[in-house]
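**Q** Structure supplied as query.txt; contents: compact mmCIF, C-alpha atoms and all ligand atoms.
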```
# COMPACT_ATOMS: atom_id res chain seq x y z
CA MET A 1 15.81 15.19 3.95
CA ALA A 2 15.13 11.48 3.75
CA GLU A 3 17.09 9.41 1.30
CA ALA A 4 16.06 6.23 -0.46
CA GLY A 5 18.39 4.23 1.76
CA ASP A 6 16.75 5.35 5.01
CA ASP A 7 14.91 2.76 6.97
CA PHE A 8 11.33 3.72 6.30
CA SER A 9 9.98 0.72 4.48
CA HIS A 10 10.22 -2.96 3.91
CA GLY A 11 12.62 -4.26 1.30
CA PRO A 12 10.28 -4.77 -1.64
CA GLY A 13 8.89 -1.27 -1.24
CA ARG A 14 12.27 0.36 -1.33
CA VAL A 15 13.06 -1.49 -4.52
CA ALA A 16 9.80 -0.23 -6.03
CA ILE A 17 10.82 3.38 -5.36
CA VAL A 18 14.33 2.94 -6.68
CA THR A 19 13.53 0.98 -9.80
CA GLY A 20 10.18 2.40 -10.81
CA SER A 21 8.97 -1.15 -11.32
CA ARG A 22 5.31 -0.11 -11.31
CA ALA A 23 4.32 -3.45 -9.81
CA THR A 24 1.04 -3.71 -7.92
CA LEU A 25 1.30 -6.25 -5.13
CA GLN A 26 -1.22 -9.07 -5.17
CA ILE A 27 -3.43 -10.44 -2.44
CA GLN A 28 -1.00 -13.06 -1.15
CA GLU A 29 1.55 -10.41 -0.09
CA SER A 30 1.49 -10.06 3.68
CA ILE A 31 2.18 -6.30 3.52
CA LEU A 32 -1.41 -5.87 2.32
CA ARG A 33 -2.56 -7.11 5.73
CA MET A 34 -0.37 -4.85 7.84
CA VAL A 35 -1.35 -1.62 9.55
CA ALA A 36 0.73 1.00 7.74
CA LYS A 37 2.87 3.56 9.57
CA PRO A 38 2.29 7.32 9.40
CA VAL A 39 4.42 9.22 6.90
CA ALA A 40 7.19 10.84 8.97
CA ASP A 41 7.38 14.65 9.18
CA ALA A 42 10.86 14.63 7.61
CA LEU A 43 9.43 13.18 4.40
CA PHE A 44 7.04 16.03 3.60
CA GLY A 45 8.39 18.01 0.68
CA SER A 46 11.05 15.38 0.00
CA ALA A 47 12.08 13.85 -3.32
CA VAL A 48 11.46 10.41 -1.84
CA LEU A 49 7.82 11.16 -1.13
CA ARG A 50 7.40 12.78 -4.55
CA SER A 51 8.85 9.76 -6.36
CA LEU A 52 6.66 7.38 -4.39
CA VAL A 53 3.56 9.35 -5.32
CA GLU A 54 4.65 9.47 -8.98
CA GLU A 55 5.20 5.73 -8.87
CA MET A 56 1.71 5.24 -7.49
CA TRP A 57 0.12 7.39 -10.22
CA MET A 58 1.94 5.40 -12.91
CA CYS A 59 0.87 2.16 -11.31
CA MET A 60 -2.76 3.22 -10.98
CA ILE A 61 -3.04 4.70 -14.46
CA GLU A 62 -1.39 1.71 -16.16
CA ALA A 63 -3.76 -0.64 -14.36
CA GLY A 64 -6.81 1.50 -15.14
CA GLY A 65 -7.66 2.00 -11.47
CA VAL A 66 -9.33 4.92 -9.70
CA GLY A 67 -7.21 4.70 -6.57
CA ILE A 68 -4.20 2.96 -5.08
CA ALA A 69 -2.69 2.85 -1.61
CA ALA A 70 1.03 2.82 -0.77
CA PRO A 71 0.96 -0.75 0.64
CA GLN A 72 -0.16 -1.92 -2.82
CA VAL A 73 3.20 -0.83 -4.22
CA GLY A 74 5.08 -2.33 -1.30
CA ILE A 75 5.33 0.72 0.99
CA SER A 76 3.64 0.33 4.36
CA TRP A 77 2.94 4.03 4.83
CA ARG A 78 -0.34 5.82 5.41
CA LEU A 79 -1.07 7.41 2.07
CA PHE A 80 -3.22 6.77 -0.95
CA ILE A 81 -4.11 8.50 -4.20
CA ALA A 82 -7.44 8.63 -5.97
CA SER A 83 -8.91 10.13 -9.10
CA ALA A 84 -12.45 9.73 -10.41
CA ARG A 85 -15.54 11.69 -11.33
CA ASP A 86 -16.41 13.97 -8.40
CA LEU A 87 -12.97 13.20 -6.96
CA PRO A 88 -10.20 15.36 -8.42
CA SER A 89 -6.75 13.71 -8.48
CA THR A 90 -5.56 13.89 -4.89
CA VAL A 91 -2.90 12.37 -2.66
CA PHE A 92 -4.18 11.77 0.86
CA ILE A 93 -1.32 11.50 3.36
CA ASN A 94 -1.83 10.40 6.98
CA PRO A 95 -5.59 10.61 6.40
CA GLN A 96 -8.28 10.46 9.03
CA VAL A 97 -11.66 9.44 7.67
CA GLU A 98 -14.89 10.30 9.46
CA LEU A 99 -17.93 8.29 8.34
CA ILE A 100 -20.81 10.73 8.21
CA GLY A 101 -23.32 9.44 5.66
CA ALA A 102 -25.81 6.60 5.61
CA ALA A 103 -24.21 3.28 6.56
CA ASP A 104 -24.32 -0.06 4.77
CA VAL A 105 -24.94 1.23 1.26
CA ALA A 106 -24.16 -1.74 -1.02
CA GLY A 107 -22.07 -1.03 -4.09
CA GLU A 108 -19.64 -2.52 -6.56
CA GLU A 109 -15.90 -2.70 -5.95
CA GLY A 110 -12.81 -4.34 -7.33
CA CYS A 111 -9.18 -4.04 -6.32
CA LEU A 112 -5.93 -3.89 -8.29
CA SER A 113 -4.49 -6.35 -5.77
CA ILE A 114 -7.28 -8.88 -6.35
CA PRO A 115 -7.63 -9.15 -10.13
CA GLY A 116 -10.69 -10.87 -11.50
CA TRP A 117 -12.85 -10.42 -8.43
CA ARG A 118 -15.55 -7.80 -8.22
CA SER A 119 -18.37 -7.59 -5.75
CA GLY A 120 -21.60 -5.66 -6.10
CA LYS A 121 -22.44 -5.93 -2.42
CA VAL A 122 -19.71 -4.13 -0.51
CA PRO A 123 -21.32 -2.08 2.29
CA ARG A 124 -19.95 1.47 2.72
CA HIS A 125 -21.01 4.76 4.18
CA ASP A 126 -22.47 7.19 1.65
CA LYS A 127 -20.47 10.20 2.80
CA VAL A 128 -17.10 10.83 4.45
CA ALA A 129 -15.11 13.77 5.76
CA VAL A 130 -11.36 13.43 5.34
CA ARG A 131 -8.57 15.27 7.10
CA TYR A 132 -5.18 14.68 5.51
CA ARG A 133 -1.83 16.22 4.62
CA ASP A 134 -0.63 17.09 1.14
CA MET A 135 2.89 16.35 -0.16
CA ASP A 136 4.26 19.48 1.49
CA GLY A 137 2.68 18.60 4.82
CA ALA A 138 -0.12 21.19 4.68
CA ALA A 139 -3.29 20.15 6.53
CA ARG A 140 -6.28 19.74 4.22
CA THR A 141 -9.87 18.60 4.48
CA GLY A 142 -12.51 17.35 2.09
CA VAL A 143 -16.04 15.97 2.11
CA TYR A 144 -16.94 13.29 -0.43
CA GLU A 145 -20.14 11.45 -1.33
CA GLY A 146 -21.21 8.43 -3.36
CA ILE A 147 -18.54 6.79 -5.51
CA ALA A 148 -15.87 9.19 -4.27
CA ALA A 149 -16.69 8.29 -0.66
CA ARG A 150 -16.59 4.60 -1.58
CA ILE A 151 -13.15 4.90 -3.22
CA ILE A 152 -11.79 6.73 -0.19
CA GLN A 153 -13.10 4.11 2.24
CA HIS A 154 -11.64 1.32 0.06
CA GLU A 155 -8.22 2.96 -0.12
CA PHE A 156 -8.23 3.95 3.55
CA ASP A 157 -8.94 0.33 4.47
CA HIS A 158 -5.71 -0.65 2.67
CA LEU A 159 -3.80 1.42 5.24
CA ASN A 160 -5.25 -0.76 7.99
CA GLY A 161 -4.66 -4.08 6.25
CA ARG A 162 -8.29 -4.48 5.30
CA LEU A 163 -9.52 -5.58 1.86
CA PHE A 164 -12.97 -5.18 0.30
CA ILE A 165 -13.49 -8.95 0.25
CA ASP A 166 -13.57 -8.79 4.06
CA LEU A 167 -16.75 -6.70 3.83
CA ASP A 168 -18.69 -8.65 1.22
CA ASP A 169 -20.82 -10.78 3.50
CA SER A 170 -22.56 -12.78 0.80
CA PRO A 171 -19.95 -13.93 -1.74
CA ASP A 172 -20.78 -16.63 -4.23
CA PRO A 173 -18.83 -19.74 -3.19
CA ASP A 174 -19.01 -21.11 -6.74
CA ASN A 175 -17.24 -18.09 -8.13
CA PRO A 176 -13.71 -19.19 -9.07
CA PRO A 177 -12.03 -15.86 -8.27
CA TRP A 178 -13.61 -15.99 -4.83
CA ARG A 179 -12.23 -19.46 -4.26
CA ARG A 180 -8.80 -18.31 -5.40
CA ALA A 181 -9.01 -15.34 -3.07
CA ARG A 182 -9.87 -17.62 -0.15
CA MET A 183 -6.94 -19.88 -0.98
CA ALA A 184 -4.59 -16.90 -1.18
CA MET A 185 -5.93 -15.68 2.17
CA SER A 186 -5.26 -19.00 3.90
CA GLU A 187 -1.79 -19.20 2.39
CA MET A 188 -0.97 -15.68 3.47
CA GLU A 189 -2.35 -16.10 6.98
CA ALA A 190 -0.30 -19.25 7.45
CA ARG A 191 2.82 -17.34 6.42
CA LEU A 192 1.97 -14.42 8.70
CA ARG A 193 1.67 -16.80 11.65
CA LYS A 194 5.03 -18.31 10.75
CA ASP A 195 6.77 -14.94 10.34
CA ALA A 196 5.29 -13.53 13.59
CA PRO A 197 5.88 -9.90 12.58
CA SER A 198 7.01 -7.49 15.27
CA ALA A 199 5.21 -4.52 13.69
CA THR A 200 4.04 -1.94 16.20
ZN ZN B 1 -7.80 -2.06 -3.37
```
Here is the file; what I need is its structure written in the form of structure tokens.
Ligand SMILES: [Zn+2]

**A**
Amino acid sequence: MAEAGDDFSHGPGRVAIVTGSRATLQIQESILRMVAKPVADALFGSAVLRSLVEEMWMCMIEAGGVGIAAPQVGISWRLFIASARDLPSTVFINPQVELIGAADVAGEEGCLSIPGWRSGKVPRHDKVAVRYRDMDGAARTGVYEGIAARIIQHEFDHLNGRLFIDLDDSPDPDNPPWRRARMAMSEMEARLRKDAPSAT
């Protein structure tokens, strides 16, 4: 059984689990650009995993979101939660997403980690098939379309350090939130170069 003191996360994430701070990390945090690690077998069915997922639900519900990924609460693990119409509340752990629908369908997205910026032009596939594990480690599958498929692709991208603003190929340069996002990106990338992370 994993304990909160085990080395499975970066510092800020561990604090989030322990304190229940319900803080959603913002775009300048470098963890949002990292490729997250798979959830270890020993964690399935553990209290640590359960409290992380609870933390994520609190965070998402308080912020009025429809999904949130573990890196957004400071934990660089491969899991996300989502809940919306046509998408019953689900935790997707170590997910694999297969893109099976029409590609490049433009749609609107925002992100709890990038407040104030929404885009109506984010290209996504219309349909996805997901293989994932539940909190007890059982293998599960699901097929999702439309908004549900969009949410899943958005959250899955978080596990690979990708944000929806990377996909909006025609942003409005006069839009202040976009300018702020670009500034935050430059700042973060400069820090990442300086830190030279040894993540594998
Ligand atoms: Zn997001």

**Q** Using all atoms listed in the file, which residues have at least one atom no more than 12 Å from ligand ZN 1 (chain B)? Output them as a PyMOL selection string.

**A** chain A and resi 24-27+32-33+60+63+65-73+80-82+109-115+117-118+150-166

**Q** Given the choices A:Gly116, A:Ile31, A:Asn94, A:Ala84, which gets closest to Arg180 in chain A if the distance is worked out from all atoms listed in the file?

**A**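 Result for the nearest residue to Arg180 in chain A: A:Gly116.
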
**Q** Residues proximal to (-22.1, 6.6, -3.2) were defined as those with any atom within 10 Å of that point in the file's coordinates, counting all atoms listed in the file. Which are they, as a CSV table (one decimal) with C-alpha atoms, keeping the file's coordinate frame?

**A**
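Once everything was written out, this is point.csv:
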```csv
chain,number,residue,atom,x,y,z
A,101,GLY,CA,-23.3,9.4,5.7
A,102,ALA,CA,-25.8,6.6,5.6
A,105,VAL,CA,-24.9,1.2,1.3
A,106,ALA,CA,-24.2,-1.7,-1.0
A,107,GLY,CA,-22.1,-1.0,-4.1
A,124,ARG,CA,-20.0,1.5,2.7
A,125,HIS,CA,-21.0,4.8,4.2
A,126,ASP,CA,-22.5,7.2,1.6
A,127,LYS,CA,-20.5,10.2,2.8
A,144,TYR,CA,-16.9,13.3,-0.4
A,145,GLU,CA,-20.1,11.4,-1.3
A,146,GLY,CA,-21.2,8.4,-3.4
A,147,ILE,CA,-18.5,6.8,-5.5
A,148,ALA,CA,-15.9,9.2,-4.3
A,149,ALA,CA,-16.7,8.3,-0.7
A,150,ARG,CA,-16.6,4.6,-1.6
A,151,ILE,CA,-13.2,4.9,-3.2
```

**Q** Report, in Å with one decimal, the straight-line distance from CA of Tyr132 in chain A to CA of Met58 in chain A.

**A**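 Computing it gives 21.8 Å between the two atoms.
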
**Q** In Å, with one decimal, what is the gap from CA of Gln28 in chain A to CA of Ile75 in chain A?

**A** 15.3 Å

**Q** Nearest to Gly45 in chain A: which of A:Glu108, A:Arg193, A:Ile93, A:Val122 is it, counting all atoms listed in the file?

**A**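 So, comparing all the options, the nearest one is A:Ile93.
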
**Q** Which of these, A:Ser76, A:Ala129, A:Ser83, A:Ala42, has the shortest distance to Val97 in chain A once you count all atoms listed in the file?

**A** A:Ala129

**Q** Give me, please, the distance in Å between CA of Arg133 in chain A and CA of Leu43 in chain A, quoted to one decimal.

**A**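 Taking CA of Arg133 in chain A and CA of Leu43 in chain A, their separation equals 11.7 Å.
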
**Q** Any chance you could build range 66-79 of chain A out to N, CA and C atoms and write it as a tab-separated table (two decimals), in the coordinates of the input?

**A**
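Generated output (selection.tsv):
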```tsv
chain	number	residue	atom	x	y	z
A	66	VAL	N	-8.89	3.59	-10.12
A	66	VAL	CA	-9.33	4.92	-9.70
A	66	VAL	C	-8.70	5.32	-8.37
A	67	GLY	N	-7.91	4.40	-7.81
A	67	GLY	CA	-7.21	4.70	-6.57
A	67	GLY	C	-6.21	3.62	-6.27
A	68	ILE	N	-5.17	3.97	-5.50
A	68	ILE	CA	-4.20	2.96	-5.08
A	68	ILE	C	-3.56	3.46	-3.78
A	69	ALA	N	-3.28	2.51	-2.91
A	69	ALA	CA	-2.69	2.85	-1.61
A	69	ALA	C	-1.23	2.40	-1.59
A	70	ALA	N	-0.41	3.10	-0.79
A	70	ALA	CA	1.03	2.82	-0.77
A	70	ALA	C	1.34	1.34	-0.50
A	71	PRO	N	0.62	0.67	0.42
A	71	PRO	CA	0.96	-0.75	0.64
A	71	PRO	C	0.83	-1.59	-0.63
A	72	GLN	N	0.00	-1.15	-1.57
A	72	GLN	CA	-0.16	-1.92	-2.82
A	72	GLN	C	1.07	-1.84	-3.72
A	73	VAL	N	1.95	-0.86	-3.47
A	73	VAL	CA	3.20	-0.83	-4.22
A	73	VAL	C	4.37	-1.19	-3.30
A	74	GLY	N	4.04	-1.78	-2.16
A	74	GLY	CA	5.08	-2.33	-1.30
A	74	GLY	C	5.57	-1.40	-0.21
A	75	ILE	N	4.90	-0.25	-0.03
A	75	ILE	CA	5.33	0.72	0.99
A	75	ILE	C	4.26	0.79	2.07
A	76	SER	N	4.62	0.39	3.28
A	76	SER	CA	3.64	0.33	4.36
A	76	SER	C	3.55	1.68	5.08
A	77	TRP	N	3.14	2.68	4.31
A	77	TRP	CA	2.94	4.03	4.83
A	77	TRP	C	1.49	4.42	4.64
A	78	ARG	N	1.06	5.42	5.45
A	78	ARG	CA	-0.34	5.82	5.41
A	78	ARG	C	-0.57	6.91	4.35
A	79	LEU	N	-0.65	6.49	3.11
A	79	LEU	CA	-1.07	7.41	2.07
A	79	LEU	C	-1.71	6.65	0.92
```
